[in-house]
Each structure stands twice: as structure tokens, then as C-alpha cells.
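Student: Here it is, the structure, as C-alpha cells.
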Amino acid sequence: SSGSSGINAEYGASRSGNVDVDKKYGAGGNQQRTCQKNTANLDRETEELKHETVSKDFSQHLREARTAKGWTQKDMAQKINEKPQVIQEYEQGKALPNNQVQSKMERVLGVHLRGKDAGKP
């Protein structure tokens with residue numbers, strides 16, 4: 001019954017006016033702000049601001065070199081300590097170029113994937 005006495009004490013305090021009820025500064029600060037921008041303008045803008053992805057040549061050379069070794073995407077991912085999704089994105093041409101990852105791929109495959117010697121050992 002000690003739990004109910006706490007509630008009674010709280011109720012009694014609020015009834016007698018001995019409770020601080022200050023408005024917190026900045027409370028309710030996570031309100032949804034309405035966007036004033038026209039959606040058609042936003043659509044046009046996002047088309048222009050696309051990130052640079054890996055080239056089609058890179059993707060093609062990568063796929064050819066990997067299959068020539070007889071590796072699955074998962075096998076190659078393990079060899080370069082990346083996730084299989086990374087290999088998949090590079091082969092689909094959706095990945096953002098990362099020099100470190102590309103260098104690892106070139107090293108394990110023994111093939112140049114970029115530059116003028118692309119596709120050659």
C-alpha cells in the first residue's frame with residue numbers, strides 16, 4: 001500500500017498548490033515544419049544533383065574479371081573484406097566510387113579496372 005500513499009501525497013501537493021509547474025524553455029521543439037518549396041522545383045533540382053557513380057566500363061571489367069576467376073560476389077567480398085552488397089552495387093554501376101575499395105578489387109583480381117589499362121592484367 002506504500003505505492004498508493006505516494007500517489008495520495010502527490011495529489012495532496014497538487015491540490016494545496018505546492019508543486020512547481022514551470023513552462024520548460026524550448027519544449028515541444030520537434031514540431032513538423034512545413035516546406036515552402038514547390039515539389040516540381042524539388043523534382044527538377046534532385047535530377048541535377050546526382051552523385052557520380054562508377055562507370056559502366058568499370059562495372060563490366062569487374063564482372064568479367066570476377067567470373068573469369070570463378071568467384072561469386074560473396075567470394076570476392078570476403079577476399080576484400082567488404083559486404084556482398086558492395087560488389088553487387090559496383091557491378092550494377094550504382095556504387096559511389098571509393099578509391100580504397102577499387103584498389104582492393106584490382107589487387108585481388110590482378111586486373112586494372114580503371115584508367116587506360118582497364119581490363120588488362
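All residue names refer to the C-alpha cells as shown: chains lettered A, B, ... in order, residues numbered from 1 in each chain, ligands numbered from 1 in order.
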Can you tell me, as an MDAnalysis selection string, what residues are no more than 9 Å from Lys79 of chain A when counting only C-alpha atoms, ignoring any on the same chain fewer than 3 positions away?
Tutor: chainID A and resid 74:76 82 104:105 108
Student: I'd like the contact shell of segment 54-70 of chain A - 12 Å cut-off, only C-alpha atoms, skipping same-chain residues fewer than 3 positions apart - returned as an mmCIF file with N, CA and C atoms, in the first residue's frame.
Tutor:
data_model
loop_
_atom_site.group_PDB
_atom_site.id
_atom_site.type_symbol
_atom_site.label_atom_id
_atom_site.label_comp_id
_atom_site.auth_asym_id
_atom_site.auth_seq_id
_atom_site.Cartn_x
_atom_site.Cartn_y
_atom_site.Cartn_z
ATOM 1 N N HIS A 51 24.802 12.030 -57.527
ATOM 2 C CA HIS A 51 26.196 11.730 -57.217
ATOM 3 C C HIS A 51 26.830 10.972 -58.362
ATOM 4 N N GLN A 73 29.948 -13.259 -56.073
ATOM 5 C CA GLN A 73 30.082 -11.933 -55.462
ATOM 6 C C GLN A 73 30.467 -12.077 -53.989
ATOM 7 N N LYS A 74 29.902 -13.099 -53.350
ATOM 8 C CA LYS A 74 30.182 -13.339 -51.931
ATOM 9 C C LYS A 74 31.644 -13.713 -51.726
ATOM 10 N N ASP A 75 32.179 -14.581 -52.604
ATOM 11 C CA ASP A 75 33.590 -14.978 -52.513
ATOM 12 C C ASP A 75 34.499 -13.761 -52.592
ATOM 13 N N MET A 76 34.237 -12.920 -53.570
ATOM 14 C CA MET A 76 35.080 -11.738 -53.777
ATOM 15 C C MET A 76 34.953 -10.778 -52.600
ATOM 16 N N ALA A 77 33.734 -10.618 -52.102
ATOM 17 C CA ALA A 77 33.502 -9.722 -50.965
ATOM 18 C C ALA A 77 34.339 -10.166 -49.761
ATOM 19 N N LYS A 79 37.138 -11.835 -49.846
ATOM 20 C CA LYS A 79 38.557 -11.625 -50.128
ATOM 21 C C LYS A 79 38.997 -10.177 -49.908
ATOM 22 N N VAL A 86 28.275 -4.598 -51.603
ATOM 23 C CA VAL A 86 29.223 -3.646 -52.181
ATOM 24 C C VAL A 86 29.604 -4.101 -53.590
ATOM 25 N N ILE A 87 29.932 -5.387 -53.727
ATOM 26 C CA ILE A 87 30.296 -5.944 -55.039
ATOM 27 C C ILE A 87 29.116 -5.805 -55.995
ATOM 28 N N GLN A 88 27.932 -6.122 -55.499
ATOM 29 C CA GLN A 88 26.721 -6.038 -56.317
ATOM 30 C C GLN A 88 26.507 -4.612 -56.833
ATOM 31 N N GLU A 89 26.651 -3.615 -55.950
ATOM 32 C CA GLU A 89 26.449 -2.220 -56.348
ATOM 33 C C GLU A 89 27.483 -1.785 -57.389
ATOM 34 N N TYR A 90 28.737 -2.214 -57.200
ATOM 35 C CA TYR A 90 29.776 -1.858 -58.177
ATOM 36 C C TYR A 90 29.470 -2.485 -59.537
ATOM 37 N N GLU A 91 29.012 -3.740 -59.539
ATOM 38 C CA GLU A 91 28.724 -4.414 -60.812
ATOM 39 C C GLU A 91 27.489 -3.847 -61.494
ATOM 40 N N GLN A 92 26.565 -3.309 -60.708
ATOM 41 C CA GLN A 92 25.360 -2.701 -61.291
ATOM 42 C C GLN A 92 25.589 -1.247 -61.673
ATOM 43 N N GLY A 93 26.742 -0.703 -61.284
ATOM 44 C CA GLY A 93 27.055 0.692 -61.598
ATOM 45 C C GLY A 93 26.346 1.679 -60.690
ATOM 46 N N LYS A 94 25.896 1.218 -59.519
ATOM 47 C CA LYS A 94 25.160 2.093 -58.593
ATOM 48 C C LYS A 94 26.036 2.637 -57.480
ATOM 49 N N ALA A 95 27.229 2.037 -57.303
ATOM 50 C CA ALA A 95 28.085 2.407 -56.172
ATOM 51 C C ALA A 95 28.754 3.757 -56.395
ATOM 52 N N LEU A 96 28.977 4.476 -55.295
ATOM 53 C CA LEU A 96 29.772 5.692 -55.346
ATOM 54 C C LEU A 96 31.237 5.275 -55.345
ATOM 55 N N PRO A 97 32.041 5.827 -56.261
ATOM 56 C CA PRO A 97 33.432 5.373 -56.359
ATOM 57 C C PRO A 97 34.210 5.610 -55.063
ATOM 58 N N ASN A 98 34.884 4.578 -54.611
ATOM 59 C CA ASN A 98 35.723 4.667 -53.421
ATOM 60 C C ASN A 98 37.084 4.086 -53.808
ATOM 61 N N ASN A 99 38.115 4.943 -53.848
ATOM 62 C CA ASN A 99 39.444 4.505 -54.305
ATOM 63 C C ASN A 99 39.986 3.323 -53.525
ATOM 64 N N VAL A 101 38.310 0.864 -51.977
ATOM 65 C CA VAL A 101 37.612 -0.373 -52.365
ATOM 66 C C VAL A 101 38.038 -0.790 -53.777
ATOM 67 N N GLN A 102 38.131 0.186 -54.687
ATOM 68 C CA GLN A 102 38.520 -0.132 -56.064
ATOM 69 C C GLN A 102 39.937 -0.711 -56.115
ATOM 70 N N SER A 103 40.835 -0.166 -55.309
ATOM 71 C CA SER A 103 42.213 -0.681 -55.263
ATOM 72 C C SER A 103 42.244 -2.114 -54.746
ATOM 73 N N LYS A 104 41.446 -2.396 -53.707
ATOM 74 C CA LYS A 104 41.373 -3.761 -53.172
ATOM 75 C C LYS A 104 40.890 -4.729 -54.250
ATOM 76 N N MET A 105 39.868 -4.304 -55.013
ATOM 77 C CA MET A 105 39.320 -5.157 -56.076
ATOM 78 C C MET A 105 40.386 -5.446 -57.127
ATOM 79 N N GLU A 106 41.102 -4.388 -57.542
ATOM 80 C CA GLU A 106 42.141 -4.561 -58.556
ATOM 81 C C GLU A 106 43.236 -5.505 -58.051
ATOM 82 N N ARG A 107 43.582 -5.376 -56.767
ATOM 83 C CA ARG A 107 44.652 -6.199 -56.194
ATOM 84 C C ARG A 107 44.273 -7.676 -56.182
ATOM 85 N N VAL A 108 43.063 -8.019 -55.683
ATOM 86 C CA VAL A 108 42.693 -9.443 -55.579
ATOM 87 C C VAL A 108 42.409 -10.066 -56.950
ATOM 88 N N LEU A 109 41.928 -9.253 -57.904
ATOM 89 C CA LEU A 109 41.637 -9.783 -59.232
ATOM 90 C C LEU A 109 42.883 -9.804 -60.120
ATOM 91 N N GLY A 110 43.869 -8.969 -59.790
ATOM 92 C CA GLY A 110 45.079 -8.885 -60.605
ATOM 93 C C GLY A 110 44.809 -8.238 -61.948
ATOM 94 N N VAL A 111 43.795 -7.365 -62.015
ATOM 95 C CA VAL A 111 43.399 -6.718 -63.267
ATOM 96 C C VAL A 111 43.175 -5.232 -63.002
ATOM 97 N N HIS A 112 43.592 -4.397 -63.960
ATOM 98 C CA HIS A 112 43.295 -2.963 -63.859
ATOM 99 C C HIS A 112 41.822 -2.758 -64.206
ATOM 100 N N LEU A 113 41.082 -2.045 -63.364
ATOM 101 C CA LEU A 113 39.660 -1.791 -63.621
ATOM 102 C C LEU A 113 39.397 -0.340 -64.019
ATOM 103 N N ARG A 114 40.437 0.512 -63.844
ATOM 104 C CA ARG A 114 40.296 1.926 -64.184
ATOM 105 C C ARG A 114 41.470 2.359 -65.041
ATOM 106 N N GLY A 115 41.331 3.540 -65.639
ATOM 107 C CA GLY A 115 42.427 4.127 -66.402
ATOM 108 C C GLY A 115 42.583 3.523 -67.786
ATOM 109 N N LYS A 116 43.703 3.871 -68.438
ATOM 110 C CA LYS A 116 43.895 3.449 -69.833
ATOM 111 C C LYS A 116 44.154 1.960 -69.995
ATOM 112 N N ASP A 117 44.627 1.300 -68.915
ATOM 113 C CA ASP A 117 44.896 -0.138 -68.968
ATOM 114 C C ASP A 117 43.714 -0.972 -68.461
ATOM 115 N N ALA A 118 42.542 -0.392 -68.383
ATOM 116 C CA ALA A 118 41.376 -1.082 -67.818
ATOM 117 C C ALA A 118 41.105 -2.381 -68.560
ATOM 118 N N GLY A 119 40.884 -3.450 -67.795
ATOM 119 C CA GLY A 119 40.584 -4.758 -68.374
ATOM 120 C C GLY A 119 41.819 -5.592 -68.632
ATOM 121 N N LYS A 120 43.016 -5.000 -68.443
ATOM 122 C CA LYS A 120 44.263 -5.734 -68.676
ATOM 123 C C LYS A 120 44.936 -6.059 -67.345
ATOM 124 N N PRO A 121 45.686 -7.172 -67.277
ATOM 125 C CA PRO A 121 46.388 -7.538 -66.037
ATOM 126 C C PRO A 121 47.465 -6.515 -65.669
#
